[in-house]
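Colleague: Sharing a structure with you now.
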Amino acid sequence: MKTSKLIALIVIALFATSIQSTAQDSTRVREKYPIWYGVKAGINFADLHTKNSDESKMLVGFNVGGFAKLPLYKMIAIQPEIYYTTKGSEVTYNNLIAQGTAKFTLNYIEIPLLLIVNLNENFNVYAGPYASALISGKVKNKSNTVLFDYEHNIKREDYSDYDLGIIVGGGVDIGRIGIGGRYCYGTKTVGKQKILQVH
């Protein structure tokens, strides 16, 4: 089974679990552990893994959106999220096909579904799959010696329309404010052969 299909099955299974839990009689849990709704925003440090490249550098981006935290039990919750996020990388090539540095900027609507374990009242860890839809993809030539003109040859259709991956992370809650960090690993190829297999 391909990794993307496995991730899709995990997403479906977690959504089914969330729906079933909501449908069950959970009044006692809800009274003590109410549903949280909130907004989230953060900074991204994104990178792309590429074939046939000499070097890639992280780009700093951002994400902004919202979430709902649905308690299943006193220490466990499901948290669906939706947000706008920017990713990308600066990639340097030095081969027969291309020479020079290109800056890839990708913008997504991302939907994670996280299983959260509260270690105590303040600290938590979480993990889960995500799916994202590409809103736009841009590339700029960043150096003067570019044999392959990325800026004028790479179009929107040269990028994959969606991405699938896994998120792991942790955080601390202070009252109604949460601070955390997470690692996201994408499993799909972002760019087609024309973009030299950008992942």
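Residues in the structure tokens are named by chain (A, B, ... in the order shown) and by number from 1 within that chain; ligands are numbered from 1 in the order shown.
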Counting only C-alpha atoms, what is within 12 Å of Asp47 (chain A), bar same-chain residues fewer than 4 positions away, as number ranges by chain?

Modeller: A: 55-61, 86-91, 103-106, 183-186, 190, 198-199

Colleague: If you run DSSP on the backbone, which residues of region 97-167 of chain A are strand (DSSP E), as number ranges by chain?

Modeller: A: 99-118, 123-141, 162-167

Colleague: Quote the spacing between CA of Asp149 (chain A) and CA of Gln99 (chain A) in Å to one decimal place.

Modeller: 9.6 Å

Colleague: Between A:Ile166, A:Ile174, A:Val64, A:Ile43, which is the closest to Glu121 (chain A) once you count only C-alpha atoms?

Modeller: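 Looking at the shortest contact to Glu121 (chain A), the residue is A:Ile174.
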
Colleague: Show which residues sit within 7 Å of region 125-140 of chain A, as a CSV table (one decimal) with N, CA and C atoms, in the first residue's frame. Count only C-alpha atoms, and ignore same-chain residues fewer than 5 positions away.

Modeller:
chain,number,residue,atom,x,y,z
A,7,ILE,N,-2.0,7.2,4.6
A,7,ILE,CA,-2.4,8.4,5.3
A,7,ILE,C,-3.8,8.7,5.1
A,11,VAL,N,-6.7,9.2,8.1
A,11,VAL,CA,-7.6,10.4,8.2
A,11,VAL,C,-9.0,10.0,8.3
A,102,ALA,N,17.1,28.6,-7.1
A,102,ALA,CA,15.7,28.9,-7.3
A,102,ALA,C,15.0,29.0,-6.0
A,103,LYS,N,14.0,29.9,-5.8
A,103,LYS,CA,13.3,30.1,-4.6
A,103,LYS,C,11.8,29.6,-4.9
A,104,PHE,N,11.4,28.5,-4.2
A,104,PHE,CA,10.1,27.9,-4.3
A,104,PHE,C,9.2,28.4,-3.2
A,105,THR,N,8.1,29.0,-3.5
A,105,THR,CA,7.1,29.4,-2.5
A,105,THR,C,5.8,28.8,-2.7
A,106,LEU,N,5.3,28.0,-1.8
A,106,LEU,CA,4.0,27.2,-1.9
A,106,LEU,C,3.0,27.6,-0.8
A,107,ASN,N,1.8,27.9,-1.2
A,107,ASN,CA,0.8,28.3,-0.3
A,107,ASN,C,-0.4,27.3,-0.2
A,108,TYR,N,-0.7,26.8,1.0
A,108,TYR,CA,-1.7,25.7,1.1
A,108,TYR,C,-2.8,26.1,2.1
A,109,ILE,N,-4.0,25.4,1.9
A,109,ILE,CA,-5.0,25.3,2.9
A,109,ILE,C,-4.8,23.9,3.5
A,110,GLU,N,-4.4,23.9,4.8
A,110,GLU,CA,-4.0,22.6,5.5
A,110,GLU,C,-5.1,22.2,6.5
A,111,ILE,N,-5.4,20.9,6.6
A,111,ILE,CA,-6.3,20.3,7.5
A,111,ILE,C,-5.7,19.2,8.3
A,112,PRO,N,-5.2,19.4,9.4
A,112,PRO,CA,-4.7,18.3,10.3
A,112,PRO,C,-5.9,17.7,11.1
A,113,LEU,N,-5.7,16.5,11.6
A,113,LEU,CA,-6.6,15.9,12.5
A,113,LEU,C,-5.7,15.2,13.6
A,114,LEU,N,-5.6,15.8,14.8
A,114,LEU,CA,-4.6,15.4,15.8
A,114,LEU,C,-5.3,14.7,17.0
A,115,LEU,N,-4.6,13.7,17.4
A,115,LEU,CA,-4.9,13.0,18.7
A,115,LEU,C,-4.0,13.6,19.8
A,116,ILE,N,-4.6,14.3,20.8
A,116,ILE,CA,-3.9,15.0,21.8
A,116,ILE,C,-4.0,14.2,23.1
A,117,VAL,N,-2.8,14.0,23.8
A,117,VAL,CA,-2.7,13.4,25.1
A,117,VAL,C,-2.3,14.5,26.1
A,118,ASN,N,-3.1,14.8,27.1
A,118,ASN,CA,-2.7,15.8,28.1
A,118,ASN,C,-1.9,15.1,29.2
A,150,TYR,N,13.7,28.9,-14.2
A,150,TYR,CA,12.5,28.5,-13.4
A,150,TYR,C,11.4,29.4,-13.5
A,151,GLU,N,11.7,30.7,-13.4
A,151,GLU,CA,10.6,31.7,-13.2
A,151,GLU,C,9.7,31.8,-14.4
A,156,ARG,N,1.7,26.8,-12.7
A,156,ARG,CA,0.9,26.2,-11.6
A,156,ARG,C,0.6,24.7,-11.8
A,161,ASP,N,-1.5,19.0,-6.8
A,161,ASP,CA,-2.6,19.8,-6.3
A,161,ASP,C,-2.8,19.6,-4.8
A,162,TYR,N,-2.2,18.6,-4.2
A,162,TYR,CA,-2.4,18.4,-2.7
A,162,TYR,C,-1.2,17.7,-2.1
A,163,ASP,N,-1.2,17.7,-0.8
A,163,ASP,CA,-0.1,17.0,-0.1
A,163,ASP,C,-0.7,16.3,1.1
A,164,LEU,N,-0.1,15.2,1.5
A,164,LEU,CA,-0.4,14.4,2.7
A,164,LEU,C,0.8,14.2,3.5
A,165,GLY,N,0.6,14.2,4.8
A,165,GLY,CA,1.7,14.0,5.7
A,165,GLY,C,1.3,13.7,7.1
A,166,ILE,N,2.3,13.8,8.0
A,166,ILE,CA,2.1,13.4,9.4
A,166,ILE,C,2.7,14.6,10.3
A,167,ILE,N,2.0,14.9,11.4
A,167,ILE,CA,2.4,15.9,12.3
A,167,ILE,C,2.7,15.3,13.7
A,168,VAL,N,3.8,15.7,14.3
A,168,VAL,CA,4.0,15.3,15.7
A,168,VAL,C,4.4,16.6,16.4
A,169,GLY,N,4.1,16.7,17.7
A,169,GLY,CA,4.4,17.9,18.4
A,169,GLY,C,4.0,17.9,19.9
A,170,GLY,N,4.1,19.1,20.5
A,170,GLY,CA,3.8,19.2,21.9
A,170,GLY,C,3.6,20.6,22.2
A,171,GLY,N,2.9,20.9,23.4
A,171,GLY,CA,2.7,22.3,23.8
A,171,GLY,C,2.4,22.4,25.2
